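The next block is work-v7.txt, given as compact mmCIF, C-alpha atoms and all ligand atoms.
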# COMPACT_ATOMS: atom_id res chain seq x y z
CA MET A 1 0.00 0.00 0.00
CA SER A 2 1.50 3.38 -0.91
CA THR A 3 1.42 6.29 1.49
CA THR A 4 0.35 9.80 0.50
CA THR A 5 2.12 12.57 2.35
CA ALA A 6 1.07 16.19 1.93
CA THR A 7 3.81 17.89 3.86
CA ALA A 8 7.51 17.35 3.45
CA ALA A 9 9.22 15.81 6.46
CA PRO A 10 10.37 18.58 8.82
CA THR A 11 13.91 19.63 7.95
CA ALA A 12 15.05 20.03 11.56
CA THR A 13 15.87 16.83 13.42
CA PRO A 14 12.56 15.50 14.69
CA LEU A 15 11.88 15.06 18.36
CA LEU A 16 10.39 11.65 17.73
CA ASP A 17 11.52 9.55 14.80
CA ALA A 18 9.84 6.17 14.42
CA ARG A 19 11.05 4.18 11.43
CA GLY A 20 9.74 0.95 10.02
CA VAL A 21 7.91 0.05 13.21
CA THR A 22 6.32 -3.38 12.93
CA MET A 23 4.60 -5.30 15.71
CA ARG A 24 3.47 -8.88 15.22
CA PHE A 25 1.48 -10.99 17.64
CA GLY A 26 1.91 -14.54 16.35
CA GLY A 27 0.39 -14.47 12.88
CA LEU A 28 -1.21 -11.03 13.30
CA THR A 29 0.67 -7.96 12.12
CA ALA A 30 -0.89 -5.23 14.26
CA VAL A 31 1.52 -2.49 13.09
CA ASN A 32 3.16 -2.81 9.71
CA ASN A 33 6.27 -0.84 8.79
CA VAL A 34 5.08 2.53 10.12
CA ASP A 35 7.24 5.66 9.87
CA LEU A 36 6.22 8.72 11.86
CA THR A 37 7.99 11.86 12.99
CA VAL A 38 6.98 14.54 15.44
CA ALA A 39 8.90 17.81 15.51
CA GLU A 40 9.17 20.28 18.39
CA GLY A 41 5.99 22.30 18.75
CA GLU A 42 3.84 20.00 16.62
CA ILE A 43 0.47 18.45 17.38
CA ILE A 44 0.14 15.28 15.34
CA GLY A 45 -3.00 13.16 15.06
CA LEU A 46 -3.20 9.41 14.67
CA ILE A 47 -6.55 8.10 13.49
CA GLY A 48 -7.91 4.87 12.09
CA PRO A 49 -10.79 2.44 12.48
CA ASN A 50 -11.07 0.17 15.51
CA GLY A 51 -8.29 -2.38 15.64
CA ALA A 52 -6.11 -0.44 13.19
CA GLY A 53 -3.07 -0.68 15.47
CA LYS A 54 -3.02 2.82 16.99
CA THR A 55 -2.63 1.81 20.63
CA THR A 56 -0.18 -0.94 19.69
CA PHE A 57 1.90 1.72 17.92
CA PHE A 58 1.80 3.91 21.08
CA ASN A 59 2.90 0.89 23.09
CA CYS A 60 5.85 0.45 20.74
CA LEU A 61 6.82 4.10 21.25
CA THR A 62 6.62 3.95 25.02
CA GLY A 63 8.51 0.75 25.78
CA LEU A 64 5.48 -1.36 26.68
CA TYR A 65 6.14 -3.42 23.57
CA VAL A 66 9.45 -4.07 21.89
CA PRO A 67 8.68 -3.71 18.17
CA THR A 68 9.29 -6.84 16.13
CA GLU A 69 11.09 -4.60 13.64
CA GLY A 70 12.00 -0.93 13.39
CA THR A 71 13.49 1.70 15.64
CA VAL A 72 12.16 4.57 17.68
CA ARG A 73 14.42 7.54 18.36
CA TYR A 74 13.73 10.41 20.70
CA ARG A 75 16.05 13.40 20.40
CA GLU A 76 18.20 11.25 18.11
CA LYS A 77 18.70 8.47 20.67
CA VAL A 78 17.18 5.02 20.27
CA LEU A 79 14.69 4.61 23.11
CA PRO A 80 15.29 1.89 25.69
CA PRO A 81 12.51 -0.73 25.71
CA LYS A 82 11.37 -0.01 29.27
CA PRO A 83 8.45 2.32 30.05
CA HIS A 84 10.15 4.07 33.01
CA LEU A 85 13.27 4.75 30.92
CA VAL A 86 11.13 6.14 28.10
CA THR A 87 9.45 8.46 30.64
CA GLN A 88 12.86 9.50 31.94
CA ALA A 89 13.99 10.19 28.37
CA GLY A 90 11.10 12.66 27.98
CA ILE A 91 8.01 10.92 26.63
CA ALA A 92 4.87 10.76 28.78
CA ARG A 93 1.51 9.24 27.94
CA THR A 94 -2.06 8.78 29.01
CA PHE A 95 -4.09 5.63 28.46
CA GLN A 96 -7.33 4.85 26.67
CA ASN A 97 -8.73 3.48 29.93
CA ILE A 98 -8.08 5.90 32.77
CA ARG A 99 -5.33 4.60 35.05
CA LEU A 100 -5.37 6.74 38.18
CA PHE A 101 -4.69 5.72 41.76
CA ALA A 102 -8.35 5.91 42.71
CA ASN A 103 -7.83 6.00 46.48
CA MET A 104 -5.09 8.59 46.42
CA THR A 105 -5.75 12.32 46.35
CA VAL A 106 -5.55 14.37 43.20
CA LEU A 107 -2.29 15.96 44.43
CA GLU A 108 -0.79 12.58 45.33
CA ASN A 109 -1.56 11.28 41.85
CA VAL A 110 0.43 14.14 40.33
CA LEU A 111 3.26 13.60 42.82
CA VAL A 112 3.51 10.00 41.64
CA GLY A 113 4.01 11.38 38.14
CA ARG A 114 6.99 13.42 39.37
CA HIS A 115 8.79 10.29 40.48
CA SER A 116 10.96 10.06 37.37
CA ARG A 117 12.23 13.61 37.95
CA THR A 118 13.19 13.30 41.63
CA LYS A 119 16.69 12.16 42.49
CA GLU A 120 16.39 11.54 46.20
CA GLY A 121 17.04 7.87 46.97
CA LEU A 122 15.37 5.42 49.34
CA ILE A 123 17.72 6.08 52.29
CA SER A 124 17.17 9.81 52.03
CA ALA A 125 13.42 9.24 51.89
CA LEU A 126 13.50 6.93 54.93
CA VAL A 127 15.45 9.34 57.14
CA ARG A 128 13.60 12.30 55.64
CA GLY A 129 16.81 14.35 55.56
CA PRO A 130 17.01 17.99 54.43
CA GLY A 131 17.69 16.98 50.80
CA TYR A 132 14.53 14.88 50.79
CA ARG A 133 12.43 17.59 52.41
CA ARG A 134 13.64 20.18 49.91
CA ALA A 135 12.91 17.85 46.98
CA GLU A 136 9.49 17.04 48.41
CA ALA A 137 8.59 20.73 48.82
CA ASP A 138 9.76 21.42 45.29
CA SER A 139 7.70 18.51 43.94
CA ARG A 140 4.58 19.68 45.77
CA GLU A 141 5.01 23.18 44.40
CA LYS A 142 5.40 21.89 40.84
CA ALA A 143 2.48 19.49 41.25
CA MET A 144 0.25 22.30 42.54
CA ALA A 145 1.28 24.48 39.59
CA LEU A 146 0.16 21.69 37.25
CA LEU A 147 -3.15 21.42 39.06
CA GLU A 148 -3.59 25.18 38.60
CA PHE A 149 -2.75 24.77 34.92
CA THR A 150 -5.30 22.00 34.41
CA GLY A 151 -7.96 23.70 36.54
CA LEU A 152 -7.91 21.11 39.33
CA ALA A 153 -6.15 23.06 42.10
CA ASP A 154 -9.30 23.42 44.21
CA LYS A 155 -9.67 19.63 44.19
CA ALA A 156 -6.08 18.85 45.22
CA GLU A 157 -7.17 17.03 48.38
CA HIS A 158 -10.12 15.16 46.81
CA LEU A 159 -9.79 11.45 46.19
CA ALA A 160 -9.21 10.78 42.49
CA ARG A 161 -12.13 8.38 42.35
CA ASN A 162 -14.54 11.15 43.37
CA LEU A 163 -13.72 13.38 40.40
CA PRO A 164 -16.16 13.55 37.50
CA TYR A 165 -15.00 11.65 34.45
CA GLY A 166 -13.76 14.67 32.47
CA GLU A 167 -11.66 15.81 35.43
CA GLN A 168 -10.18 12.33 35.84
CA ARG A 169 -8.95 12.62 32.26
CA LYS A 170 -7.47 16.05 33.05
CA LEU A 171 -5.77 14.59 36.10
CA GLU A 172 -4.20 11.87 33.95
CA ILE A 173 -2.80 14.63 31.75
CA ALA A 174 -1.53 16.59 34.80
CA ARG A 175 0.18 13.45 36.07
CA ALA A 176 1.79 12.81 32.69
CA LEU A 177 3.02 16.44 32.57
CA ALA A 178 4.56 16.00 36.02
CA SER A 179 7.36 13.96 34.46
CA GLU A 180 8.29 17.12 32.48
CA PRO A 181 8.01 15.52 29.04
CA GLY A 182 9.09 16.98 25.73
CA LEU A 183 6.49 14.82 24.00
CA LEU A 184 3.08 13.84 25.31
CA LEU A 185 1.14 10.92 23.83
CA LEU A 186 -2.61 11.07 24.41
CA ASP A 187 -4.66 7.93 23.77
CA GLU A 188 -8.28 8.97 23.18
CA PRO A 189 -8.24 11.92 25.59
CA THR A 190 -11.90 12.82 24.94
CA ALA A 191 -13.35 9.32 25.21
CA GLY A 192 -16.54 9.54 27.26
CA MET A 193 -16.48 13.34 27.43
CA ASN A 194 -19.46 15.54 26.69
CA PRO A 195 -19.12 18.23 23.97
CA GLN A 196 -18.23 20.99 26.47
CA GLU A 197 -15.55 18.85 28.08
CA THR A 198 -14.22 17.99 24.62
CA ARG A 199 -13.90 21.68 23.69
CA ALA A 200 -12.14 22.34 27.01
CA ALA A 201 -9.79 19.44 26.25
CA GLU A 202 -8.92 21.09 22.93
CA GLU A 203 -7.98 24.29 24.77
CA LEU A 204 -5.88 22.26 27.18
CA VAL A 205 -3.99 20.54 24.36
CA PHE A 206 -3.19 23.91 22.75
CA ALA A 207 -2.06 25.27 26.12
CA ILE A 208 0.23 22.25 26.61
CA ARG A 209 1.75 22.83 23.19
CA ASP A 210 2.27 26.48 24.12
CA ARG A 211 4.34 25.29 27.08
CA GLY A 212 6.74 23.71 24.59
CA VAL A 213 5.48 20.12 24.72
CA ALA A 214 4.86 18.36 21.39
CA ILE A 215 1.78 16.15 21.21
CA LEU A 216 0.83 12.94 19.44
CA VAL A 217 -2.84 12.17 19.88
CA ILE A 218 -5.08 9.21 19.04
CA GLU A 219 -8.73 10.19 18.73
CA HIS A 220 -11.94 9.01 17.12
CA ASP A 221 -13.49 12.49 17.33
CA MET A 222 -12.57 13.90 13.91
CA ARG A 223 -13.56 17.43 14.77
CA PHE A 224 -11.17 17.37 17.70
CA ILE A 225 -8.39 15.96 15.50
CA PHE A 226 -8.83 18.38 12.62
CA ASN A 227 -9.23 21.41 14.92
CA LEU A 228 -5.98 20.62 16.67
CA CYS A 229 -3.52 18.83 14.49
CA ASP A 230 -0.80 20.19 12.23
CA ARG A 231 -0.69 16.80 10.50
CA THR A 232 -2.71 13.62 10.82
CA ALA A 233 -1.60 10.09 10.01
CA VAL A 234 -4.15 7.40 9.18
CA LEU A 235 -3.58 3.77 10.12
CA VAL A 236 -5.62 1.05 8.48
CA GLN A 237 -4.94 -2.59 9.29
CA GLY A 238 -1.57 -1.67 10.77
CA GLN A 239 -0.36 0.37 7.82
CA LYS A 240 -0.06 4.11 7.51
CA ILE A 241 -2.01 4.89 4.35
CA VAL A 242 -2.06 8.69 4.42
CA GLU A 243 -0.40 11.48 6.31
CA GLY A 244 -1.04 15.15 5.87
CA ASP A 245 -3.30 18.08 6.57
CA ARG A 246 -7.06 17.99 7.00
CA GLN A 247 -7.81 18.51 3.32
CA LEU A 248 -5.57 15.70 2.14
CA VAL A 249 -6.79 13.22 4.75
CA GLN A 250 -10.48 14.01 4.29
CA SER A 251 -10.36 13.71 0.53
CA ASP A 252 -8.36 10.48 0.35
CA GLU A 253 -10.45 7.68 -1.15
CA ARG A 254 -8.79 5.00 0.95
CA VAL A 255 -9.58 6.89 4.14
CA ILE A 256 -13.21 7.27 3.09
CA THR A 257 -13.40 3.56 2.30
CA ALA A 258 -11.80 2.66 5.63
CA TYR A 259 -14.53 4.62 7.40
CA LEU A 260 -17.22 2.51 5.68
CA GLY A 261 -17.75 4.89 2.80
CA GLU A 262 -18.95 7.63 5.08
CA PRO A 263 -17.37 11.04 4.43
CA LEU A 264 -15.23 11.93 7.43
CA GLU A 265 -17.16 15.13 8.14
CA SER A 266 -20.39 13.21 8.71
CA ALA A 267 -18.55 10.57 10.71
CA ALA A 268 -17.24 13.42 12.86
CA ALA A 269 -20.70 14.92 13.28
CA ALA A 270 -22.20 11.57 14.22
CA GLU A 271 -19.53 11.06 16.85
CA THR A 272 -19.77 14.45 18.45
CA THR A 273 -23.46 15.30 18.53
CA ASP A 274 -24.04 13.16 21.59
CA GLY A 275 -20.52 13.62 22.90
CA THR A 276 -19.68 9.95 22.89
CA GLU A 277 -16.99 8.09 21.05
CA ASN A 278 -17.78 5.42 18.53
CA THR A 279 -15.64 2.66 19.98
CA GLU A 280 -15.82 -0.04 22.55
N1 LIG B 301 -1.22 -7.95 23.27
C1 LIG B 301 -1.82 -8.32 22.15
N2 LIG B 301 -1.83 -9.62 21.75
C2 LIG B 301 -2.46 -9.99 20.61
N3 LIG B 301 -3.10 -9.15 19.78
C3 LIG B 301 -3.13 -7.85 20.13
C4 LIG B 301 -2.50 -7.37 21.32
N4 LIG B 301 -2.69 -6.03 21.39
C5 LIG B 301 -3.42 -5.69 20.32
N5 LIG B 301 -3.67 -6.78 19.55
C6 LIG B 301 -4.39 -6.80 18.28
O1 LIG B 301 -3.76 -5.87 17.43
C7 LIG B 301 -4.72 -5.20 16.61
C8 LIG B 301 -4.58 -3.71 16.81
O2 LIG B 301 -5.12 -3.38 18.08
P1 LIG B 301 -5.02 -1.91 18.70
O3 LIG B 301 -5.62 -1.96 20.07
O4 LIG B 301 -3.62 -1.42 18.60
O5 LIG B 301 -5.94 -1.09 17.71
P2 LIG B 301 -6.50 0.39 17.85
O6 LIG B 301 -6.33 1.03 16.54
O7 LIG B 301 -5.86 1.07 19.02
O8 LIG B 301 -8.03 0.11 18.11
P3 LIG B 301 -9.14 0.96 18.93
O9 LIG B 301 -9.43 2.20 18.14
O10 LIG B 301 -10.30 0.04 18.95
O11 LIG B 301 -8.58 1.24 20.29
C9 LIG B 301 -6.07 -5.75 16.99
O12 LIG B 301 -6.39 -6.77 16.09
C10 LIG B 301 -5.85 -6.31 18.39
O13 LIG B 301 -6.73 -7.37 18.66

Is it possible to give me this structure as structure tokens?
Ligand SMILES: Nc1ncnc2c1ncn2[C@@H]1O[C@H](COP(=O)(O)OP(=O)(O)OP(=O)(O)O)[C@@H](O)[C@H]1O
Amino acid sequence: MSTTTATAAPTATPLLDARGVTMRFGGLTAVNNVDLTVAEGEIIGLIGPNGAGKTTFFNCLTGLYVPTEGTVRYREKVLPPKPHLVTQAGIARTFQNIRLFANMTVLENVLVGRHSRTKEGLISALVRGPGYRRAEADSREKAMALLEFTGLADKAEHLARNLPYGEQRKLEIARALASEPGLLLLDEPTAGMNPQETRAAEELVFAIRDRGVAILVIEHDMRFIFNLCDRTAVLVQGQKIVEGDRQLVQSDERVITAYLGEPLESAAAAETTDGTENTE
């Protein structure tokens, strides 16, 4: 299958450079020879029908899976195949199904996210020496700043499980930002959100980009994708079939066919009128 690309690859060295990424599970090729770059300051969309391989591709980028073939570089270095080392390198992510510590407070959840950026060791933590106390105060300050940024500061002491759904998704993003990433991967950030929450999520994504964090986002809500993204890549049956701007993606015959012959605009409208996603 050939790939159509509307925009030339960025000339500067990309932040993320995935080349020839393939992931096989036994006889099933979930991701097939996918190339994708994300440059500093970009918001890139990844769309495709259910089962197209989007989450598997994210898992290959974040060390959850070791790709069967291909390489993933971040800031020109091949990423180690361990999630915590990928986070340390500068890539953070959220998950399709919210993964918060339900019985911890909102603030504690964000503090957990800071773990990869704190240097104080176990001994220091146990004796609670001055170095530990300083690091802890610094972490709390940074975590509170992130809660301000995401609009959750007044709920810092609430248990995560008591937050409404849309705020739980925001908290996941705040926790991911706590690791001070250069690239944030969002897996269906508006799943289950109502239209107002979805519009607020768009604003949040732009604000994150304005803080200097590049974004790669999987979404089924086409309006969200096309409002936000500088480029969008389309996966179908594990292969990237098109990559480019809204116009190119929406007019590509193969994309239209992949979405059951329905023009993308009407697919987008159908998905967003009731504020629910069309998957799972
Ligand atoms: N751990 C695994 N073992 C075996 N097969 C898997 C595994 N993970 C994913 N798959 C298969 O790989 C294919 C791609 O799945 P994936 O979840 O990546 O798709 P997706 O595009 O994210 O779908 P959705 O939009 O529904 O979330 C599917 O056929 C899925 O069943």

One decimal, Å: what's the distance from CA of Thr55 in chain A over to CA of Arg246 in chain A, could you say?
->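 Atom-to-atom, CA of Thr55 in chain A to CA of Arg246 in chain A, that is 21.6 Å.
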
Near-ligand residues for ligand LIG 301 (chain B), threshold 9 Å, all atoms listed in the file, as a PyMOL selection string = chain A and resi 23-26+28-31+47-59+65+96+187-188+218-220+235-238+278-280

Keeping C-alpha atoms for every residue in the selection just given, could you write it to a file as a tab-separated table (two decimals), in the frame of the given file?
chain	number	residue	atom	x	y	z
A	23	MET	CA	4.60	-5.30	15.71
A	24	ARG	CA	3.47	-8.88	15.22
A	25	PHE	CA	1.48	-10.99	17.64
A	26	GLY	CA	1.91	-14.54	16.35
A	28	LEU	CA	-1.21	-11.03	13.30
A	29	THR	CA	0.67	-7.96	12.12
A	30	ALA	CA	-0.89	-5.23	14.26
A	31	VAL	CA	1.52	-2.49	13.09
A	47	ILE	CA	-6.55	8.10	13.49
A	48	GLY	CA	-7.91	4.87	12.09
A	49	PRO	CA	-10.79	2.44	12.48
A	50	ASN	CA	-11.07	0.17	15.51
A	51	GLY	CA	-8.29	-2.38	15.64
A	52	ALA	CA	-6.11	-0.44	13.19
A	53	GLY	CA	-3.07	-0.68	15.47
A	54	LYS	CA	-3.02	2.82	16.99
A	55	THR	CA	-2.63	1.81	20.63
A	56	THR	CA	-0.18	-0.94	19.69
A	57	PHE	CA	1.90	1.72	17.92
A	58	PHE	CA	1.80	3.91	21.08
A	59	ASN	CA	2.90	0.89	23.09
A	65	TYR	CA	6.14	-3.42	23.57
A	96	GLN	CA	-7.33	4.85	26.67
A	187	ASP	CA	-4.66	7.93	23.77
A	188	GLU	CA	-8.28	8.97	23.18
A	218	ILE	CA	-5.08	9.21	19.04
A	219	GLU	CA	-8.73	10.19	18.73
A	220	HIS	CA	-11.94	9.01	17.12
A	235	LEU	CA	-3.58	3.77	10.12
A	236	VAL	CA	-5.62	1.05	8.48
A	237	GLN	CA	-4.94	-2.59	9.29
A	238	GLY	CA	-1.57	-1.67	10.77
A	278	ASN	CA	-17.78	5.42	18.53
A	279	THR	CA	-15.64	2.66	19.98
A	280	GLU	CA	-15.82	-0.04	22.55

Shell around Asp154 in chain A at 10 Å using only C-alpha atoms, local window under 4 positions removed, as an mmCIF file with C-alpha atoms, keeping the file's coordinate frame:
data_model
loop_
_atom_site.group_PDB
_atom_site.id
_atom_site.type_symbol
_atom_site.label_atom_id
_atom_site.label_comp_id
_atom_site.auth_asym_id
_atom_site.auth_seq_id
_atom_site.Cartn_x
_atom_site.Cartn_y
_atom_site.Cartn_z
ATOM 1 C CA VAL A 106 -5.550 14.370 43.200
ATOM 2 C CA MET A 144 0.250 22.300 42.540
ATOM 3 C CA LEU A 147 -3.150 21.420 39.060
ATOM 4 C CA GLU A 148 -3.590 25.180 38.600
ATOM 5 C CA HIS A 158 -10.120 15.160 46.810
#

Among listed residues A:Val21, A:Leu186, A:Ala174, A:Leu16, nearest Lys77 in chain A (using all atoms listed in the file) = A:Leu16

Have a look at A:Ala39, A:Leu177, A:Leu61, A:Ile98 and name the one nearest to Ser116 in chain A; count all atoms listed in the file.
->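 So, comparing all the options, the nearest one is A:Leu177.
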
Selection near range 162-165 of chain A, 10 Å with only C-alpha atoms, sequence-local residues under 3 positions removed, as JSON, numbers by chain = {"A": [98, 102, 103, 105, 106, 152, 155, 158, 159, 168, 169, 170, 171, 191, 192, 193, 194, 197]}

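If you measure from each of A:Val66, A:Val249, A:Asn109, A:Ile173 to Ala160 in chain A using only C-alpha atoms, the closest one turns out to be A:Asn109.
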
Tell me, as a PyMOL selection string, which residues lie within 7 Å of Ala233 in chain A, counting all atoms listed in the file; anything in the same chain fewer than 2 positions away does not count.
-> chain A and resi 45-47+231+235+240+242-244
